[in-house]
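Quick notes on the structure that follows.
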Amino acid sequence: DGGITQSPKYLFRKEGQNVTLSCEQNLNHDAMYWYRQDPGQGLRLIYYSQIVNDFQKGDIAEGYSVSREKKESFPLTVTSAQKNPTAFYLCASSISSGRRTYNEQFFGPGTRLTVL
Amino acid sequence: AQSVAQPEDQVNVAEGNPLTVKCTYSVSGNPYLFWYVQYPNRGLQFLLKYITGDNLVKGSYGFEAEFNKSQTSFHLKKPSALVSDSALYFCAVRAPTSGTYKYIFGTGTRLKVLA
(Lines give C-alpha, C1' and ligand atoms only; values in the text may rest on other atoms or scores of the structure.)
Protein backbone atom coordinates (compact mmCIF):
# COMPACT_ATOMS: atom_id res chain seq x y z
CA ASP A 1 0.00 0.00 0.00
CA GLY A 2 2.99 2.31 -0.45
CA GLY A 3 3.37 5.38 1.71
CA ILE A 4 -0.31 6.12 2.13
CA THR A 5 -2.15 5.46 5.35
CA GLN A 6 -5.87 5.56 5.96
CA SER A 7 -7.64 5.45 9.29
CA PRO A 8 -9.67 4.00 10.71
CA LYS A 9 -9.79 0.65 8.95
CA TYR A 10 -13.45 0.17 9.97
CA LEU A 11 -15.91 2.93 10.83
CA PHE A 12 -19.50 2.77 11.95
CA ARG A 13 -21.83 5.72 11.58
CA LYS A 14 -25.21 6.35 13.04
CA GLU A 15 -27.92 8.07 11.04
CA GLY A 16 -27.45 11.85 11.02
CA GLN A 17 -23.79 11.80 12.02
CA ASN A 18 -20.87 13.31 10.17
CA VAL A 19 -17.70 11.21 10.12
CA THR A 20 -14.20 12.02 8.89
CA LEU A 21 -11.89 9.57 7.17
CA SER A 22 -8.18 10.25 7.41
CA CYS A 23 -5.68 9.98 4.54
CA GLU A 24 -1.97 10.75 4.94
CA GLN A 25 0.87 10.27 2.46
CA ASN A 26 4.63 10.60 2.83
CA LEU A 27 5.42 10.23 -0.88
CA ASN A 28 5.69 13.98 -1.50
CA HIS A 29 2.94 13.67 -4.10
CA ASP A 30 1.09 16.77 -5.24
CA ALA A 31 -2.17 15.09 -6.27
CA MET A 32 -4.55 13.21 -4.00
CA TYR A 33 -7.88 11.52 -4.68
CA TRP A 34 -10.83 9.96 -2.88
CA TYR A 35 -12.76 7.08 -4.41
CA ARG A 36 -15.77 5.11 -3.34
CA GLN A 37 -15.90 1.40 -4.16
CA ASP A 38 -19.17 -0.52 -4.27
CA PRO A 39 -19.53 -4.13 -5.44
CA GLY A 40 -19.87 -4.36 -9.21
CA GLN A 41 -19.39 -0.63 -9.75
CA GLY A 42 -15.65 -0.23 -9.74
CA LEU A 43 -14.15 2.96 -8.36
CA ARG A 44 -16.03 6.24 -8.48
CA LEU A 45 -14.24 9.54 -7.94
CA ILE A 46 -15.53 11.68 -5.07
CA TYR A 47 -13.00 14.54 -4.89
CA TYR A 48 -9.49 15.22 -6.05
CA SER A 49 -6.84 17.78 -5.24
CA GLN A 50 -3.98 18.80 -7.49
CA ILE A 51 -2.26 21.05 -4.99
CA VAL A 52 -2.52 22.32 -1.43
CA ASN A 53 -5.55 24.52 -0.74
CA ASP A 54 -7.23 23.46 -3.97
CA PHE A 55 -9.66 20.64 -4.72
CA GLN A 56 -12.33 19.75 -7.28
CA LYS A 57 -15.50 17.70 -7.21
CA GLY A 58 -15.47 14.32 -8.85
CA ASP A 59 -18.42 12.37 -10.18
CA ILE A 60 -20.22 11.72 -6.88
CA ALA A 61 -19.31 14.64 -4.57
CA GLU A 62 -22.79 15.23 -3.11
CA GLY A 63 -22.84 14.55 0.62
CA TYR A 64 -19.06 14.66 0.96
CA SER A 65 -16.55 17.38 1.78
CA VAL A 66 -12.74 17.57 1.82
CA SER A 67 -9.91 19.88 2.79
CA ARG A 68 -6.29 20.08 1.69
CA GLU A 69 -4.45 22.28 4.18
CA LYS A 70 -1.24 20.27 4.04
CA LYS A 71 0.41 18.44 1.16
CA GLU A 72 0.48 15.24 3.17
CA SER A 73 -3.15 15.16 4.25
CA PHE A 74 -6.51 14.95 2.45
CA PRO A 75 -9.30 14.10 4.91
CA LEU A 76 -12.78 13.20 3.67
CA THR A 77 -15.93 14.03 5.66
CA VAL A 78 -19.03 12.01 4.99
CA THR A 79 -21.92 14.22 5.98
CA SER A 80 -25.46 13.34 6.99
CA ALA A 81 -26.54 14.53 3.54
CA GLN A 82 -24.98 11.39 2.02
CA LYS A 83 -27.95 9.04 2.10
CA ASN A 84 -26.20 5.80 1.27
CA PRO A 85 -22.66 6.04 2.64
CA THR A 86 -22.01 2.36 3.34
CA ALA A 87 -19.04 1.53 1.11
CA PHE A 88 -15.29 0.97 0.93
CA TYR A 89 -13.42 4.27 0.64
CA LEU A 90 -10.01 4.48 -1.02
CA CYS A 91 -7.55 7.34 -0.94
CA ALA A 92 -4.88 7.61 -3.62
CA SER A 93 -2.07 9.92 -4.61
CA SER A 94 0.07 10.55 -7.67
CA ILE A 95 3.15 12.64 -8.31
CA SER A 96 1.02 15.20 -10.11
CA SER A 97 -2.18 15.38 -12.06
CA GLY A 98 -1.16 17.78 -14.77
CA ARG A 99 -2.90 17.44 -18.08
CA ARG A 100 -0.26 15.18 -19.64
CA THR A 101 0.73 13.30 -16.52
CA TYR A 102 0.98 9.58 -17.01
CA ASN A 103 1.96 8.65 -13.48
CA GLU A 104 0.24 5.77 -11.81
CA GLN A 105 -1.70 6.23 -8.61
CA PHE A 106 -0.69 4.85 -5.22
CA PHE A 107 -3.55 3.65 -3.03
CA GLY A 108 -4.06 3.44 0.70
CA PRO A 109 -5.47 0.30 2.39
CA GLY A 110 -9.01 1.68 2.54
CA THR A 111 -11.67 2.45 5.15
CA ARG A 112 -14.84 0.41 5.31
CA LEU A 113 -17.74 2.61 6.44
CA THR A 114 -20.97 1.07 7.66
CA VAL A 115 -24.12 2.92 8.57
CA LEU A 116 -25.92 1.44 11.55
CA ALA B 1 -17.23 10.50 -23.05
CA GLN B 2 -14.36 8.41 -21.80
CA SER B 3 -15.10 4.89 -20.70
CA VAL B 4 -13.46 1.62 -19.84
CA ALA B 5 -15.12 -1.78 -20.16
CA GLN B 6 -14.13 -5.03 -18.53
CA PRO B 7 -16.60 -7.42 -20.14
CA GLU B 8 -16.05 -10.35 -17.78
CA ASP B 9 -17.10 -10.16 -14.14
CA GLN B 10 -15.11 -13.30 -13.38
CA VAL B 11 -12.43 -15.36 -15.09
CA ASN B 12 -11.58 -18.87 -13.96
CA VAL B 13 -8.33 -20.52 -15.00
CA ALA B 14 -6.43 -23.60 -13.89
CA GLU B 15 -3.07 -23.12 -12.20
CA GLY B 16 -0.25 -23.28 -14.74
CA ASN B 17 -2.47 -22.25 -17.65
CA PRO B 18 -2.19 -18.89 -19.39
CA LEU B 19 -4.63 -16.21 -18.30
CA THR B 20 -6.17 -13.21 -20.02
CA VAL B 21 -8.23 -10.46 -18.44
CA LYS B 22 -9.90 -8.25 -21.02
CA CYS B 23 -10.16 -4.46 -21.16
CA THR B 24 -11.45 -2.16 -23.86
CA TYR B 25 -11.56 1.60 -23.78
CA SER B 26 -13.16 4.57 -25.48
CA VAL B 27 -11.37 7.91 -25.34
CA SER B 28 -10.60 10.81 -27.59
CA GLY B 29 -6.93 11.10 -28.41
CA ASN B 30 -4.15 8.82 -27.28
CA PRO B 31 -4.83 7.01 -24.01
CA TYR B 32 -2.67 6.28 -21.01
CA LEU B 33 -3.68 2.81 -19.79
CA PHE B 34 -3.14 1.13 -16.44
CA TRP B 35 -3.75 -2.19 -14.70
CA TYR B 36 -4.17 -2.55 -10.95
CA VAL B 37 -4.77 -5.54 -8.68
CA GLN B 38 -6.76 -5.59 -5.45
CA TYR B 39 -6.62 -8.28 -2.79
CA PRO B 40 -9.54 -8.62 -0.33
CA ASN B 41 -10.04 -5.60 1.92
CA ARG B 42 -6.92 -3.91 0.58
CA GLY B 43 -6.12 -0.96 -1.60
CA LEU B 44 -5.20 -1.25 -5.27
CA GLN B 45 -1.66 -2.09 -6.31
CA PHE B 46 -0.19 -0.88 -9.59
CA LEU B 47 0.81 -3.63 -12.05
CA LEU B 48 1.76 -1.91 -15.30
CA LYS B 49 1.00 0.94 -17.67
CA TYR B 50 1.10 1.82 -21.34
CA ILE B 51 2.06 5.34 -22.32
CA THR B 52 3.67 5.08 -25.74
CA GLY B 53 6.07 2.92 -27.68
CA ASP B 54 6.14 -0.88 -27.65
CA ASN B 55 2.64 -2.31 -27.62
CA LEU B 56 3.65 -5.12 -25.25
CA VAL B 57 4.18 -3.86 -21.73
CA LYS B 58 5.72 -5.94 -18.97
CA GLY B 59 4.88 -5.37 -15.34
CA SER B 60 5.02 -6.78 -11.84
CA TYR B 61 4.61 -10.45 -10.84
CA GLY B 62 5.09 -11.73 -14.40
CA PHE B 63 2.10 -9.89 -15.84
CA GLU B 64 2.11 -8.22 -19.23
CA ALA B 65 -0.44 -6.37 -21.33
CA GLU B 66 -0.83 -5.74 -25.02
CA PHE B 67 -2.03 -2.42 -26.35
CA ASN B 68 -4.06 -2.73 -29.55
CA LYS B 69 -5.02 0.64 -30.97
CA SER B 70 -7.23 -0.67 -33.77
CA GLN B 71 -9.27 -2.77 -31.35
CA THR B 72 -9.03 -0.19 -28.54
CA SER B 73 -8.01 -2.94 -26.16
CA PHE B 74 -5.46 -3.42 -23.40
CA HIS B 75 -5.75 -7.03 -22.26
CA LEU B 76 -3.80 -8.28 -19.25
CA LYS B 77 -1.97 -11.57 -19.67
CA LYS B 78 0.24 -14.00 -17.82
CA PRO B 79 1.80 -17.13 -19.37
CA SER B 80 1.32 -19.34 -16.31
CA ALA B 81 -1.23 -18.56 -13.62
CA LEU B 82 -0.61 -19.05 -9.90
CA VAL B 83 -3.22 -19.60 -7.19
CA SER B 84 -1.85 -16.47 -5.53
CA ASP B 85 -2.89 -14.44 -8.61
CA SER B 86 -6.52 -14.82 -7.52
CA ALA B 87 -7.73 -11.27 -6.91
CA LEU B 88 -9.77 -8.41 -8.38
CA TYR B 89 -8.21 -6.69 -11.39
CA PHE B 90 -8.98 -3.17 -12.57
CA CYS B 91 -8.19 -1.50 -15.86
CA ALA B 92 -7.97 2.31 -15.91
CA VAL B 93 -7.53 4.96 -18.59
CA ARG B 94 -6.48 8.56 -18.69
CA ALA B 95 -6.83 10.70 -21.80
CA PRO B 96 -4.64 13.78 -21.45
CA THR B 97 -6.01 15.53 -24.51
CA SER B 98 -9.61 15.19 -23.43
CA GLY B 99 -9.46 18.08 -20.98
CA THR B 100 -9.98 15.98 -17.87
CA TYR B 101 -7.60 15.15 -15.09
CA LYS B 102 -9.43 12.02 -14.09
CA TYR B 103 -8.48 8.38 -14.19
CA ILE B 104 -11.46 6.28 -15.35
CA PHE B 105 -11.69 2.78 -13.89
CA GLY B 106 -13.46 -0.30 -15.20
CA THR B 107 -15.81 -2.28 -12.98
CA GLY B 108 -13.22 -4.93 -12.24
CA THR B 109 -12.73 -8.59 -13.13
CA ARG B 110 -12.40 -11.23 -10.46
CA LEU B 111 -9.72 -13.76 -11.35
CA LYS B 112 -9.94 -17.16 -9.77
CA VAL B 113 -7.03 -19.54 -10.27
CA LEU B 114 -7.93 -23.11 -9.45
CA ALA B 115 -5.35 -25.52 -8.03
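Chain labels A, B, ... are given in the sequence in which chains occur in the C-alpha coordinates; within each chain residues are numbered consecutively from 1, and ligands are likewise numbered from 1 in the order shown.
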
Got a sec to pull out which chain A residues are within 12 Å of chain B, counting only C-alpha atoms, and send them as a ChimeraX atom specification? /A:1-6,9-10,31-50,55-59,87-94,96-112

DSSP on the backbone, then: every residue of chain B marked strand (DSSP E or B), written as a PyMOL selection string. chain B and resi 3-5+10-14+19-21+24-26+32-38+44-50+56-58+64-68+73-78+87-94+104-105+109-114

Tell me which protein, DNA and RNA residues are within 8 Å of Leu56 (chain B), counting only C-alpha atoms, leaving out same-chain ones fewer than 5 positions away, and put them as a short mmCIF file (atom, residue, chain, number, x, y, z; two decimals) with N, CA and C atoms, in the first residue's frame.
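Output (around.cif):
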data_model
loop_
_atom_site.label_atom_id
_atom_site.label_comp_id
_atom_site.auth_asym_id
_atom_site.auth_seq_id
_atom_site.Cartn_x
_atom_site.Cartn_y
_atom_site.Cartn_z
N GLU B 64 1.85 -9.07 -18.08
CA GLU B 64 2.11 -8.22 -19.23
C GLU B 64 0.77 -7.84 -19.85
N ALA B 65 0.79 -6.80 -20.67
CA ALA B 65 -0.44 -6.37 -21.33
C ALA B 65 -0.09 -5.91 -22.74
N GLU B 66 -1.05 -6.12 -23.63
CA GLU B 66 -0.83 -5.74 -25.02
C GLU B 66 -1.80 -4.64 -25.42
N PHE B 67 -1.24 -3.54 -25.86
CA PHE B 67 -2.03 -2.42 -26.35
C PHE B 67 -2.36 -2.66 -27.82
#
